[in-house]
Amino acid sequence: MVSIAEMLKNGIVSFSDMYFFSEDTVRAVEKSGIKANIGRCITSFDDNITADEDIRFKEGVELHKKYHGAFDGRVLIDMSIHAEYTTVANTCLYVSDYAEKNDIGIQIHLSETAKEHEEGIKRRNGLTPAEFFAENHVFRANTSAAHCVHVTDKDIKILSENGVSVVHNPASNLKLGSGIMPLVKMIDAGVNVTLGTDGSASNNTLDIMKEAYLASLLQKGTTGDTAKFGSELFVSMATVNGAKAQGRVGAGILKEGAPADIILIDINAINNIPYFKLADTFVFSANSSNVCLTMVDGEILYENGELLTIDEEKLKFDFLNMINNFYKR
């Protein structure tokens, strides 16, 4: 709930999450009014395990049956394979079979660090993590691959040909020393790239506007080409590209008949004066403190400093009390 409160104040209308305690996350989404794609994170190290024996997989299936499309479609349930180094081929097959059969997405981590990528090649007899997932049919489903920092040119081609969405997490990747995702190569190959924070544990903040700013600067600074991609690309990465990655058809745009997921930004704030081009203002001048309204499916959830579905002061009190009690033990 603390994370959701922060996201709503930052103008985030929908998030993707793969972790544990998924039903708790679903309940928080229900109460707050935000949207989310939620997957029960699956890891497996047993080459002989079957779908019937895999407790994590069965929990993911149960989550899907119980909550997919819940709360007027605000919750979508994805399957989730944590990463190449935490799974076996057989698990990839039955997870992807289930996702394809039920027309749902898959969330994975992919080639986040050089060590992960290089050790994966050794472990898989020369296959990169992307090649391993492709060989085991994971990309048959609508897949979102987080990070993709150390992918090869061949990997990028595989991602593009299979319609995989790549989640660019510039702040987390920089903070953890993982590197910089090859954004230009991804875009040139036609890959759908969206933005992520990687969560507060590895980023500290949940601020997509900051990620858009960093993504733009990194692309310019690493290539020396300041004109190749305009600010409109990074606005799209934060909006319609994310909706596509989540499988939310028709979302992420301002258009009659589209879901009313809308944020308002104060362009009269001192840091935004003067403004000449709104996309440039969004990427380079504005920050999350300029968000003055967040609407999800036509319902205003945050307006002018006030969360309308969350008691922020009680939430902070309860959360800090819980943390203090934990450290007293």
# chains A, B, ... in the order shown; residues from 1 in each chain; ligands from 1
>>> closest_atom_pairs(of="stretch 80-163 of chain A", to="stretch 191-209 of chain A", cutoff="10 Å", atoms="only C-alpha atoms", output="tab-separated table")
residue	atom	partner	partner_atom	distance
A:Ser144	CA	A:Thr194	CA	9.3
A:Ala145	CA	A:Val193	CA	9.6
A:Ala146	CA	A:Gly196	CA	8.0
A:His147	CA	A:Asp198	CA	8.7
A:Ile156	CA	A:Val191	CA	7.8
A:Lys157	CA	A:Val191	CA	8.6
A:Ile158	CA	A:Val191	CA	9.7
A:Leu159	CA	A:Val191	CA	6.8
A:Ser160	CA	A:Val191	CA	4.9
A:Glu161	CA	A:Val191	CA	8.5
A:Asn162	CA	A:Val191	CA	9.3
A:Gly163	CA	A:Val191	CA	7.0
>>> closest_atom_pairs(of="stretch 41-130 of chain A", to="stretch 4-22 of chain A", cutoff="8 Å", atoms="only C-alpha atoms", output="tab-separated table")
residue	atom	partner	partner_atom	distance
A:Cys41	CA	A:Tyr19	CA	4.9
A:Leu63	CA	A:Ser22	CA	7.8
A:Ser80	CA	A:Met18	CA	6.4
A:His82	CA	A:Met18	CA	7.9
A:Gln107	CA	A:Met18	CA	7.0
>>> write_last_selection(atoms="N, CA, C and O atoms", output="short mmCIF file (atom, residue, chain, number, x, y, z; two decimals), in the first residue's frame")
data_model
loop_
_atom_site.label_atom_id
_atom_site.label_comp_id
_atom_site.auth_asym_id
_atom_site.auth_seq_id
_atom_site.Cartn_x
_atom_site.Cartn_y
_atom_site.Cartn_z
N CYS A 41 5.91 -15.27 -8.61
CA CYS A 41 7.25 -15.56 -9.10
C CYS A 41 7.55 -17.06 -8.98
O CYS A 41 7.40 -17.65 -7.91
N LEU A 63 -3.96 -18.35 -8.66
CA LEU A 63 -4.08 -16.90 -8.69
C LEU A 63 -4.78 -16.45 -9.97
O LEU A 63 -5.66 -15.58 -9.94
N SER A 80 4.87 -16.05 -14.30
CA SER A 80 6.16 -15.42 -14.05
C SER A 80 7.25 -16.46 -13.89
O SER A 80 7.14 -17.37 -13.06
N HIS A 82 11.15 -16.41 -12.94
CA HIS A 82 12.05 -15.41 -12.38
C HIS A 82 13.19 -15.06 -13.32
O HIS A 82 13.38 -13.90 -13.67
N GLN A 107 6.05 -12.69 -17.26
CA GLN A 107 7.08 -11.75 -16.85
C GLN A 107 8.35 -12.52 -16.52
O GLN A 107 8.31 -13.54 -15.83
#
>>> residues_around(residues="A:Asn287", least_positions_apart="6", cutoff="12 Å", atoms="only C-alpha atoms", output="ChimeraX atom specification")
/A:9-11,207-213,264-267,269-272,280-281
>>> select_by_dssp(residues="stretch 96-211 of chain A", states="strand (DSSP E or B)", output="PyMOL selection string")
chain A and resi 106-110+143-147+165-168+192-195
>>> residues_around(residues="A:Ala260", least_positions_apart="4", cutoff="10 Å", atoms="only C-alpha atoms", output="PDB file with N, CA and C atoms, in the first residue's frame")
ATOM      1  N   ALA A 251      -5.235   0.902 -24.265  1.00  0.00           N
ATOM      2  CA  ALA A 251      -4.920   1.770 -23.132  1.00  0.00           C
ATOM      3  C   ALA A 251      -3.643   2.556 -23.414  1.00  0.00           C
ATOM      4  N   GLY A 252      -3.354   3.517 -22.538  1.00  0.00           N
ATOM      5  CA  GLY A 252      -2.122   4.284 -22.643  1.00  0.00           C
ATOM      6  C   GLY A 252      -2.181   5.452 -23.613  1.00  0.00           C
ATOM      7  N   ILE A 253      -3.380   5.758 -24.098  1.00  0.00           N
ATOM      8  CA  ILE A 253      -3.531   6.872 -25.038  1.00  0.00           C
ATOM      9  C   ILE A 253      -4.724   7.725 -24.616  1.00  0.00           C
ATOM     10  N   LEU A 254      -4.710   8.972 -25.049  1.00  0.00           N
ATOM     11  CA  LEU A 254      -5.847   9.873 -24.846  1.00  0.00           C
ATOM     12  C   LEU A 254      -6.686   9.861 -26.111  1.00  0.00           C
ATOM     13  N   LYS A 255      -7.805   9.142 -26.049  1.00  0.00           N
ATOM     14  CA  LYS A 255      -8.644   8.984 -27.231  1.00  0.00           C
ATOM     15  C   LYS A 255     -10.045   8.601 -26.786  1.00  0.00           C
ATOM     16  N   GLU A 256     -11.042   9.085 -27.481  1.00  0.00           N
ATOM     17  CA  GLU A 256     -12.421   8.723 -27.166  1.00  0.00           C
ATOM     18  C   GLU A 256     -12.585   7.207 -27.228  1.00  0.00           C
ATOM     19  N   MET A 295      -5.992   9.744 -12.446  1.00  0.00           N
ATOM     20  CA  MET A 295      -7.299   9.123 -12.672  1.00  0.00           C
ATOM     21  C   MET A 295      -7.094   7.736 -13.268  1.00  0.00           C
ATOM     22  N   VAL A 296      -7.797   6.741 -12.732  1.00  0.00           N
ATOM     23  CA  VAL A 296      -7.740   5.377 -13.239  1.00  0.00           C
ATOM     24  C   VAL A 296      -9.151   4.914 -13.569  1.00  0.00           C
ATOM     25  N   ASP A 297      -9.361   4.540 -14.833  1.00  0.00           N
ATOM     26  CA  ASP A 297     -10.685   4.113 -15.295  1.00  0.00           C
ATOM     27  C   ASP A 297     -11.766   5.131 -14.936  1.00  0.00           C
ATOM     28  N   GLY A 298     -11.424   6.394 -15.055  1.00  0.00           N
ATOM     29  CA  GLY A 298     -12.401   7.453 -14.827  1.00  0.00           C
ATOM     30  C   GLY A 298     -12.595   7.852 -13.380  1.00  0.00           C
ATOM     31  N   GLU A 299     -11.915   7.176 -12.455  1.00  0.00           N
ATOM     32  CA  GLU A 299     -12.037   7.513 -11.041  1.00  0.00           C
ATOM     33  C   GLU A 299     -10.797   8.278 -10.587  1.00  0.00           C
ATOM     34  N   ILE A 300     -10.988   9.437  -9.998  1.00  0.00           N
ATOM     35  CA  ILE A 300      -9.864  10.216  -9.484  1.00  0.00           C
ATOM     36  C   ILE A 300      -9.388   9.587  -8.180  1.00  0.00           C
TER      37      ILE A 300
END
>>> residues_around(residues="A:Thr309", least_positions_apart="2", cutoff="8 Å", atoms="only C-alpha atoms", output="PyMOL selection string")
chain A and resi 31-33+301+307+311
>>> select_by_dssp(residues="stretch 8-141 of chain A", states="alpha helix (DSSP H)", output="ChimeraX atom specification")
/A:8-9,22-32,55-67,70-73,89-101,114-123,129-135
>>> atom_distance(atom1="atom CA of A:Asn136", atom2="atom CA of A:Val151")
17.7 Å
>>> atom_distance(atom1="atom CA of A:Arg124", atom2="atom CA of A:Ile106")
21.2 Å
